[in-house]
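Next comes structure_9.txt, with compact mmCIF, C-alpha atoms.
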# COMPACT_ATOMS: atom_id res chain seq x y z
CA MET A 1 0.00 0.00 0.00
CA GLY A 2 2.79 2.43 0.93
CA GLU A 3 4.57 1.56 -2.30
CA ILE A 4 1.52 2.55 -4.35
CA PHE A 5 1.31 5.88 -2.55
CA ARG A 6 4.99 6.52 -3.15
CA GLN A 7 4.67 5.82 -6.85
CA LEU A 8 1.58 7.96 -7.19
CA SER A 9 2.98 10.95 -5.36
CA GLY A 10 5.04 11.65 -8.48
CA LEU A 11 1.74 12.37 -10.23
CA LEU A 12 0.93 15.20 -7.85
CA GLU A 13 4.29 16.85 -8.43
CA HIS A 14 3.71 16.89 -12.17
CA LEU A 15 0.06 18.03 -11.87
CA GLY A 16 0.45 21.60 -13.05
CA GLU A 17 3.55 20.97 -15.12
CA LYS A 18 3.51 21.75 -18.80
CA ARG A 19 5.91 20.74 -21.52
CA ILE A 20 6.36 24.04 -23.27
CA ALA A 21 7.98 24.18 -26.68
CA VAL A 22 9.31 27.45 -28.05
CA VAL A 23 9.38 28.09 -31.78
CA HIS A 24 11.01 31.11 -33.40
CA LEU A 25 9.08 32.05 -36.50
CA PHE A 26 9.63 35.26 -38.49
CA GLY A 27 11.27 36.91 -35.52
CA ALA A 28 8.34 36.15 -33.23
CA GLU A 29 8.52 33.74 -30.34
CA ILE A 30 5.70 31.22 -30.25
CA ARG A 31 5.16 29.07 -27.15
CA PHE A 32 2.85 26.12 -26.97
CA ASP A 33 2.10 23.12 -24.80
CA VAL A 34 3.31 20.00 -26.62
CA MET A 35 1.02 17.66 -24.68
CA ALA A 36 -2.15 19.61 -25.49
CA ILE A 37 -1.32 19.71 -29.19
CA LEU A 38 -0.43 16.00 -29.24
CA MET A 39 -3.71 15.10 -27.51
CA SER A 40 -5.69 17.33 -29.90
CA TRP A 41 -4.16 15.41 -32.77
CA VAL A 42 -5.12 12.14 -31.12
CA VAL A 43 -8.72 13.37 -30.88
CA ILE A 44 -8.73 14.52 -34.51
CA ILE A 45 -7.33 11.19 -35.71
CA LEU A 46 -9.87 9.32 -33.58
CA LEU A 47 -12.73 11.35 -35.08
CA VAL A 48 -11.51 10.74 -38.63
CA LEU A 49 -11.03 7.02 -38.01
CA LEU A 50 -14.50 6.80 -36.42
CA ALA A 51 -16.04 8.54 -39.43
CA LEU A 52 -14.23 6.24 -41.88
CA TRP A 53 -15.22 3.15 -39.90
CA LEU A 54 -18.86 4.20 -39.69
CA ARG A 55 -18.91 4.96 -43.40
CA ARG A 56 -18.13 1.35 -44.19
CA GLY A 57 -21.50 0.36 -42.79
CA LEU A 58 -23.38 2.55 -45.26
CA ARG A 59 -24.90 1.28 -48.50
CA ARG A 60 -24.59 3.42 -51.56
CA PRO A 61 -28.04 2.92 -53.18
CA VAL A 62 -30.44 4.34 -50.61
CA GLU A 63 -33.32 2.14 -51.82
CA GLU A 64 -31.75 -1.00 -50.39
CA LYS A 65 -32.55 -2.19 -46.92
CA PRO A 66 -30.36 -0.09 -44.58
CA THR A 67 -27.80 -1.82 -42.40
CA ARG A 68 -27.99 -1.58 -38.64
CA THR A 69 -25.26 1.11 -38.49
CA GLN A 70 -27.03 3.14 -41.13
CA ALA A 71 -30.33 3.06 -39.26
CA ALA A 72 -28.64 4.10 -36.02
CA LEU A 73 -26.78 6.95 -37.72
CA ASP A 74 -29.97 8.12 -39.42
CA GLY A 75 -31.70 8.26 -36.05
CA LEU A 76 -28.81 10.12 -34.45
CA ILE A 77 -28.59 12.73 -37.19
CA ASP A 78 -32.36 13.22 -37.16
CA LEU A 79 -32.20 13.78 -33.40
CA LEU A 80 -29.38 16.35 -33.73
CA LYS A 81 -31.20 18.10 -36.57
CA THR A 82 -34.48 18.45 -34.68
CA GLN A 83 -32.58 19.66 -31.59
CA LEU A 84 -30.85 22.34 -33.62
CA ALA A 85 -34.02 23.29 -35.50
CA ASP A 86 -35.77 23.80 -32.15
CA ASN A 87 -32.97 26.01 -30.84
CA PHE A 88 -32.29 28.15 -33.88
CA ALA A 89 -34.76 30.79 -34.91
CA SER A 90 -34.72 30.00 -38.63
CA GLU A 91 -34.60 26.66 -40.43
CA ARG A 92 -31.98 27.94 -42.85
CA LEU A 93 -29.56 28.90 -40.09
CA ALA A 94 -30.06 25.54 -38.40
CA ILE A 95 -29.19 23.59 -41.55
CA MET A 96 -26.25 25.88 -42.21
CA MET A 97 -24.86 25.51 -38.69
CA PHE A 98 -25.48 21.78 -38.33
CA PRO A 99 -21.97 20.58 -39.39
CA PHE A 100 -20.22 23.24 -37.29
CA ILE A 101 -22.14 22.64 -34.09
CA SER A 102 -22.09 18.84 -34.30
CA THR A 103 -18.34 18.85 -35.01
CA LEU A 104 -17.78 21.18 -32.07
CA PHE A 105 -19.81 18.88 -29.84
CA LEU A 106 -18.04 15.69 -30.94
CA TYR A 107 -14.60 17.28 -30.66
CA VAL A 108 -15.18 18.66 -27.15
CA LEU A 109 -16.81 15.38 -26.06
CA LEU A 110 -13.84 13.27 -27.18
CA CYS A 111 -11.42 15.82 -25.71
CA ASN A 112 -13.13 15.54 -22.32
CA TRP A 113 -13.31 11.76 -22.44
CA LEU A 114 -9.66 11.35 -23.39
CA GLY A 115 -8.57 12.44 -19.90
CA VAL A 116 -10.12 9.29 -18.42
CA PHE A 117 -7.50 7.02 -19.97
CA PRO A 118 -4.11 6.63 -18.27
CA TYR A 119 -1.18 8.55 -19.76
CA MET A 120 -3.68 10.73 -21.62
CA MET A 121 -4.65 14.32 -20.92
CA SER A 122 -7.78 16.20 -21.89
CA PRO A 123 -6.74 18.91 -24.34
CA THR A 124 -9.60 20.95 -22.89
CA GLN A 125 -7.78 21.33 -19.57
CA ASP A 126 -5.47 23.71 -21.40
CA ILE A 127 -6.92 27.22 -21.49
CA ASN A 128 -5.54 27.85 -24.98
CA VAL A 129 -7.58 25.05 -26.53
CA THR A 130 -10.89 26.16 -25.00
CA PHE A 131 -10.10 29.77 -25.78
CA GLY A 132 -9.47 28.90 -29.41
CA LEU A 133 -12.83 27.12 -29.62
CA ALA A 134 -14.68 29.98 -27.90
CA LEU A 135 -13.01 32.56 -30.15
CA MET A 136 -14.06 30.55 -33.18
CA VAL A 137 -17.69 30.60 -32.01
CA ALA A 138 -17.55 34.34 -31.26
CA VAL A 139 -16.09 35.23 -34.67
CA MET A 140 -18.60 32.91 -36.33
CA SER A 141 -21.52 34.60 -34.57
CA HIS A 142 -20.43 38.11 -35.63
CA VAL A 143 -19.69 37.09 -39.21
CA LEU A 144 -23.07 35.38 -39.49
CA ALA A 145 -24.82 38.39 -37.93
CA ALA A 146 -23.18 40.69 -40.46
CA ARG A 147 -24.03 38.34 -43.30
CA PHE A 148 -27.66 37.68 -42.39
CA ASN A 149 -28.66 41.19 -41.32
CA GLY A 150 -26.19 43.30 -43.27
CA VAL A 151 -23.14 45.12 -41.92
CA ARG A 152 -25.12 48.29 -41.11
CA LYS A 153 -27.60 46.49 -38.89
CA TRP A 154 -24.79 44.51 -37.24
CA LEU A 155 -22.89 47.71 -36.37
CA LYS A 156 -26.12 49.30 -35.24
CA SER A 157 -26.71 46.44 -32.79
CA PHE A 158 -23.81 47.78 -30.69
CA VAL A 159 -25.58 51.07 -29.97
CA GLU A 160 -28.90 49.51 -29.09
CA PRO A 161 -31.09 50.16 -27.20
CA TYR A 162 -29.34 53.51 -26.51
CA PRO A 163 -26.03 54.92 -27.81
CA PHE A 164 -24.59 55.29 -24.31
CA MET A 165 -24.84 51.51 -23.93
CA LEU A 166 -21.93 51.09 -26.37
CA PRO A 167 -19.26 50.35 -23.71
CA ILE A 168 -21.50 47.77 -22.05
CA ASN A 169 -22.17 46.08 -25.37
CA LEU A 170 -18.44 46.03 -26.15
CA VAL A 171 -17.73 44.44 -22.75
CA GLY A 172 -20.35 41.85 -23.63
CA VAL A 173 -18.54 41.08 -26.88
CA ILE A 174 -15.38 40.28 -24.94
CA ALA A 175 -17.01 38.66 -21.91
CA ASN A 176 -19.03 36.10 -23.86
CA PRO A 177 -16.11 34.12 -25.32
CA LEU A 178 -14.19 34.63 -22.06
CA SER A 179 -16.85 32.97 -19.91
CA HIS A 180 -17.50 30.37 -22.63
CA ALA A 181 -13.83 29.33 -22.56
CA PHE A 182 -13.37 29.52 -18.78
CA ARG A 183 -16.45 27.39 -18.11
CA LEU A 184 -15.18 24.38 -20.05
CA PHE A 185 -11.58 24.82 -18.90
CA GLY A 186 -12.50 25.22 -15.21
CA ASN A 187 -14.82 22.24 -15.13
CA ILE A 188 -12.39 19.84 -16.79
CA LEU A 189 -9.36 21.08 -14.85
CA ALA A 190 -11.24 20.85 -11.53
CA GLY A 191 -12.26 17.26 -12.28
CA THR A 192 -8.70 16.29 -13.15
CA ILE A 193 -7.22 17.93 -10.05
CA LEU A 194 -9.83 16.40 -7.76
CA VAL A 195 -9.33 12.88 -9.13
CA THR A 196 -5.55 13.18 -8.97
CA VAL A 197 -5.52 14.58 -5.43
CA ILE A 198 -7.87 11.89 -4.13
CA MET A 199 -5.90 9.18 -5.94
CA VAL A 200 -2.60 10.37 -4.48
CA LYS A 201 -3.61 11.45 -1.01
CA PHE A 202 -6.47 9.18 0.09
CA ALA A 203 -7.31 6.11 -1.94
CA PRO A 204 -5.27 4.81 -4.87
CA ILE A 205 -7.59 1.84 -5.50
CA PHE A 206 -11.36 1.38 -6.08
CA ILE A 207 -12.43 4.99 -5.63
CA PRO A 208 -10.54 6.74 -8.49
CA PRO A 209 -12.27 4.74 -11.27
CA VAL A 210 -15.69 5.69 -9.86
CA LEU A 211 -14.65 9.35 -9.62
CA ASN A 212 -13.19 9.16 -13.11
CA ILE A 213 -16.49 7.89 -14.47
CA PHE A 214 -18.37 10.64 -12.66
CA PHE A 215 -16.06 13.56 -13.44
CA GLY A 216 -14.62 12.36 -16.73
CA LEU A 217 -17.52 10.70 -18.52
CA PHE A 218 -20.61 12.27 -16.92
CA PHE A 219 -19.35 15.82 -16.43
CA GLY A 220 -17.40 15.66 -19.69
CA GLY A 221 -20.58 14.76 -21.56
CA ILE A 222 -22.63 17.47 -19.84
CA GLN A 223 -19.96 20.11 -20.45
CA ALA A 224 -19.65 19.16 -24.12
CA PHE A 225 -23.43 19.46 -24.46
CA VAL A 226 -23.43 22.80 -22.64
CA PHE A 227 -20.58 24.08 -24.80
CA ALA A 228 -22.45 23.22 -28.00
CA ILE A 229 -25.78 24.60 -26.72
CA LEU A 230 -24.13 27.84 -25.61
CA ALA A 231 -22.50 28.18 -29.03
CA VAL A 232 -25.97 27.80 -30.54
CA ALA A 233 -27.35 30.41 -28.13
CA TYR A 234 -24.58 32.94 -28.85
CA ILE A 235 -24.93 32.55 -32.61
CA ASN A 236 -28.70 32.73 -32.39
CA VAL A 237 -28.68 35.88 -30.24
CA ALA A 238 -26.13 37.56 -32.53
CA VAL A 239 -28.16 36.81 -35.65
CA GLU A 240 -31.55 37.60 -34.14
CA GLY A 241 -30.34 40.83 -32.56
CA MET B 1 5.22 28.04 28.51
CA LEU B 2 5.48 31.63 27.34
CA GLN B 3 9.15 31.20 26.54
CA GLU B 4 8.39 28.08 24.50
CA ALA B 5 5.76 29.93 22.49
CA GLN B 6 8.18 32.76 21.89
CA THR B 7 10.85 30.43 20.53
CA VAL B 8 8.30 28.78 18.21
CA ALA B 9 7.00 32.15 17.09
CA SER B 10 10.47 33.47 16.36
CA GLY B 11 10.97 30.60 13.91
CA ILE B 12 7.99 31.72 11.78
CA SER B 13 9.03 33.92 8.89
CA GLY B 14 6.99 36.01 6.49
CA ALA B 15 7.15 33.26 3.86
CA HIS B 16 5.39 30.86 6.22
CA ILE B 17 2.61 33.35 6.87
CA ALA B 18 2.21 33.96 3.14
CA GLU B 19 2.05 30.18 2.58
CA ALA B 20 -0.64 29.78 5.23
CA ALA B 21 -2.60 32.76 3.93
CA LYS B 22 -2.55 31.24 0.46
CA TYR B 23 -4.31 28.09 1.61
CA ILE B 24 -6.79 29.97 3.80
CA ALA B 25 -7.58 32.31 0.93
CA ALA B 26 -8.10 29.42 -1.49
CA GLY B 27 -10.43 27.70 0.97
CA LEU B 28 -12.43 30.86 1.63
CA CYS B 29 -12.59 31.66 -2.07
CA MET B 30 -14.05 28.27 -2.93
CA GLY B 31 -16.30 28.02 0.10
CA ILE B 32 -17.93 31.41 -0.28
CA GLY B 33 -17.83 31.33 -4.06
CA ALA B 34 -19.73 28.04 -4.23
CA ILE B 35 -22.74 29.34 -2.27
CA GLY B 36 -24.17 31.53 -5.02
CA PRO B 37 -24.05 29.07 -7.93
CA ALA B 38 -25.38 26.28 -5.69
CA ILE B 39 -28.44 28.30 -4.68
CA GLY B 40 -28.96 29.52 -8.23
CA GLU B 41 -28.71 26.08 -9.79
CA GLY B 42 -31.00 24.62 -7.17
CA LEU B 43 -33.61 27.29 -7.88
CA ALA B 44 -33.35 26.63 -11.62
CA ALA B 45 -33.80 22.88 -11.10
CA ALA B 46 -36.71 23.40 -8.69
CA HIS B 47 -38.62 25.64 -11.08
CA ALA B 48 -37.87 23.42 -14.06
CA LEU B 49 -39.24 20.49 -12.03
CA ASP B 50 -42.37 22.52 -11.24
CA GLY B 51 -42.84 23.18 -14.92
CA MET B 52 -42.27 19.54 -15.83
CA ALA B 53 -44.80 18.34 -13.26
CA ARG B 54 -47.36 20.75 -14.65
CA GLN B 55 -46.67 20.06 -18.31
CA PRO B 56 -44.87 16.74 -18.81
CA GLU B 57 -44.98 17.15 -22.60
CA MET B 58 -42.64 20.17 -22.31
CA GLN B 59 -39.96 18.09 -20.56
CA GLY B 60 -37.39 18.17 -23.39
CA ALA B 61 -37.40 21.92 -23.87
CA LEU B 62 -37.46 22.57 -20.11
CA LEU B 63 -34.52 20.25 -19.48
CA ARG B 64 -32.46 21.89 -22.21
CA THR B 65 -33.18 25.40 -20.99
CA MET B 66 -32.51 24.35 -17.40
CA VAL B 67 -29.09 22.93 -18.24
CA LEU B 68 -28.25 26.07 -20.23
CA GLY B 69 -29.31 28.37 -17.40
CA GLN B 70 -27.43 26.31 -14.84
CA ALA B 71 -24.30 26.42 -16.98
CA ILE B 72 -24.51 30.19 -17.15
CA SER B 73 -25.17 30.67 -13.45
CA GLU B 74 -22.27 28.31 -12.76
CA THR B 75 -19.87 30.81 -14.31
CA THR B 76 -19.30 32.77 -11.09
CA GLY B 77 -18.45 29.52 -9.31
CA ILE B 78 -15.98 28.65 -12.07
CA TYR B 79 -14.34 32.07 -11.72
CA SER B 80 -13.83 31.57 -7.99
CA LEU B 81 -12.50 28.06 -8.71
CA LEU B 82 -9.96 29.48 -11.14
CA ILE B 83 -8.86 32.04 -8.56
CA ALA B 84 -8.49 29.27 -5.98
CA ILE B 85 -6.41 27.23 -8.43
CA VAL B 86 -4.22 30.24 -9.19
CA LEU B 87 -3.76 30.82 -5.45
CA LEU B 88 -2.82 27.21 -4.82
CA PHE B 89 -0.65 26.31 -7.79
CA VAL B 90 0.60 29.47 -9.43
CA ILE B 91 1.29 32.14 -6.79
Could you render the structure as structure tokens?
Amino acid sequence: MGEIFRQLSGLLEHLGEKRIAVVHLFGAEIRFDVMAILMSWVVIILLVLLALWLRRGLRRPVEEKPTRTQAALDGLIDLLKTQLADNFASERLAIMMFPFISTLFLYVLLCNWLGVFPYMMSPTQDINVTFGLALMVAVMSHVLAARFNGVRKWLKSFVEPYPFMLPINLVGVIANPLSHAFRLFGNILAGTILVTVIMVKFAPIFIPPVLNIFFGLFFGGIQAFVFAILAVAYINVAVEG
Amino acid sequence: MLQEAQTVASGISGAHIAEAAKYIAAGLCMGIGAIGPAIGEGLAAAHALDGMARQPEMQGALLRTMVLGQAISETTGIYSLLIAIVLLFVI
């Protein structure tokens, strides 16, 4: 028992550690966390492999009797489509945003679930990853607002309802992606720290798997859902005004 | 007794006090910061449950809106959590 504790205590020392790589590019110094990037690639490769594997179950002529995989996928995509159609104001926007939102959801979900496996780390416990995703959603919402309503109306939305509200609206523009990013990052990081601390300090056997299932799988799923739904809400509010 | 206490106290430096204050601050930050989101999320769940009991056919939409509202009201708790983490691991 003491041996297990001694081996695990190394984990706690490396809890906040990051493997930072520095790249000099065009005179600028770029720093990034190697582990987060590696794990993001793992998630991307997993998603691509999953898509390729699921595609094998499809039959080209649609008139034939669908395979089991095909039926399940049809049901899943119908479910996602109706969910999005309910949340978005217009049907056109929902169909347009369907690939973006579902990809965002799947990516964040796999990122959160990756932290459950040993020697793996959730890319989403790095603030840069979540911030990149949130920034993408924010830019997307403003671009879509300008495209759907015209640039004039989009600019005018900053001085509504009264012109003196401009600073408050500008703070909102910055605060939305900020809270969007921090929410995902904080939840995943807190789960990881809690599981690691309990594993190292109190109980190395039996309890960590249960906590991992609760924090990793359950909370990871909820947070991925919340992230996608909030992206939908931000885009919808920006377009609707 | 007094002399003993004095010798112990003379061994405490400013760094020790800062270290202790760090942990106390992190604990206070999390403990007080968790009150608001907990009450808010509980209220959201209670009212969503009320609505579901009254209109069971609205369950899907109510659940979705409830989770969204809870996620937003959770933000303040997440901010205090981040500050606690910064206090513990960074400073």
Pull out every residue of chain A that has at least one atom within 12 Å of chain B, counting all atoms listed in the file, and report them as a PyMOL selection string. chain A and resi 12-17+82-84+86-87+125+127+175-176+178-191+193-194+219+222-234
What residues have an atom no more than 12 Å from (5.0, 29.5, -27.5) in the file's own frame, counting all atoms listed in the file, and can you write them as JSON, numbers by chain? {"A": [18, 19, 20, 21, 22, 23, 24, 25, 28, 29, 30, 31, 32, 33, 34, 37, 128]}
Choose the residue, out of B:Ala20, B:Gln59, B:Ala9, B:Ala26, that has the smallest atom-to-atom separation from Ile83 of chain B; count all atoms listed in the file.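 Looking only at the distances to Ile83 of chain B, the closest residue turns out to be B:Ala26.
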Pick out the residues sitting within 9 Å of segment 119-123 of chain A, and hand them over as a ChimeraX atom specification; count all atoms listed in the file, and ignore anything fewer than 2 positions along from it in its own chain. /A:35-40,43,108,110-117,125-127,129-130,188-189,192
What does the structure give for the distance between atom CA of Glu41 of chain B and atom CA of Pro209 of chain A, in Å to one decimal?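 Distance reported for this atom pair: 27.0 Å.
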note - atom CA of Pro167 of chain A and atom CA of Val151 of chain A are separated by 19.3 Å
Segment 72-76 of chain B: axis-aligned bounding box, 4 Å on each side, centre and edge lengths in Å, one decimal, as lines of an AutoDock Vina configuration file:
center_x = -22.2
center_y = 30.5
center_z = -14.1
size_x = 13.9
size_y = 12.5
size_z = 14.1
Suppose you want the space between atom CA of Val237 of chain A and atom CA of His142 of chain A; what is it in Å?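 Computing it gives 10.1 Å between the two atoms.
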I'd like to know which of A:Leu46, A:Ala72, A:Ile77, A:Leu104 is closest to Ala134 of chain A, using all atoms listed in the file. A:Leu104
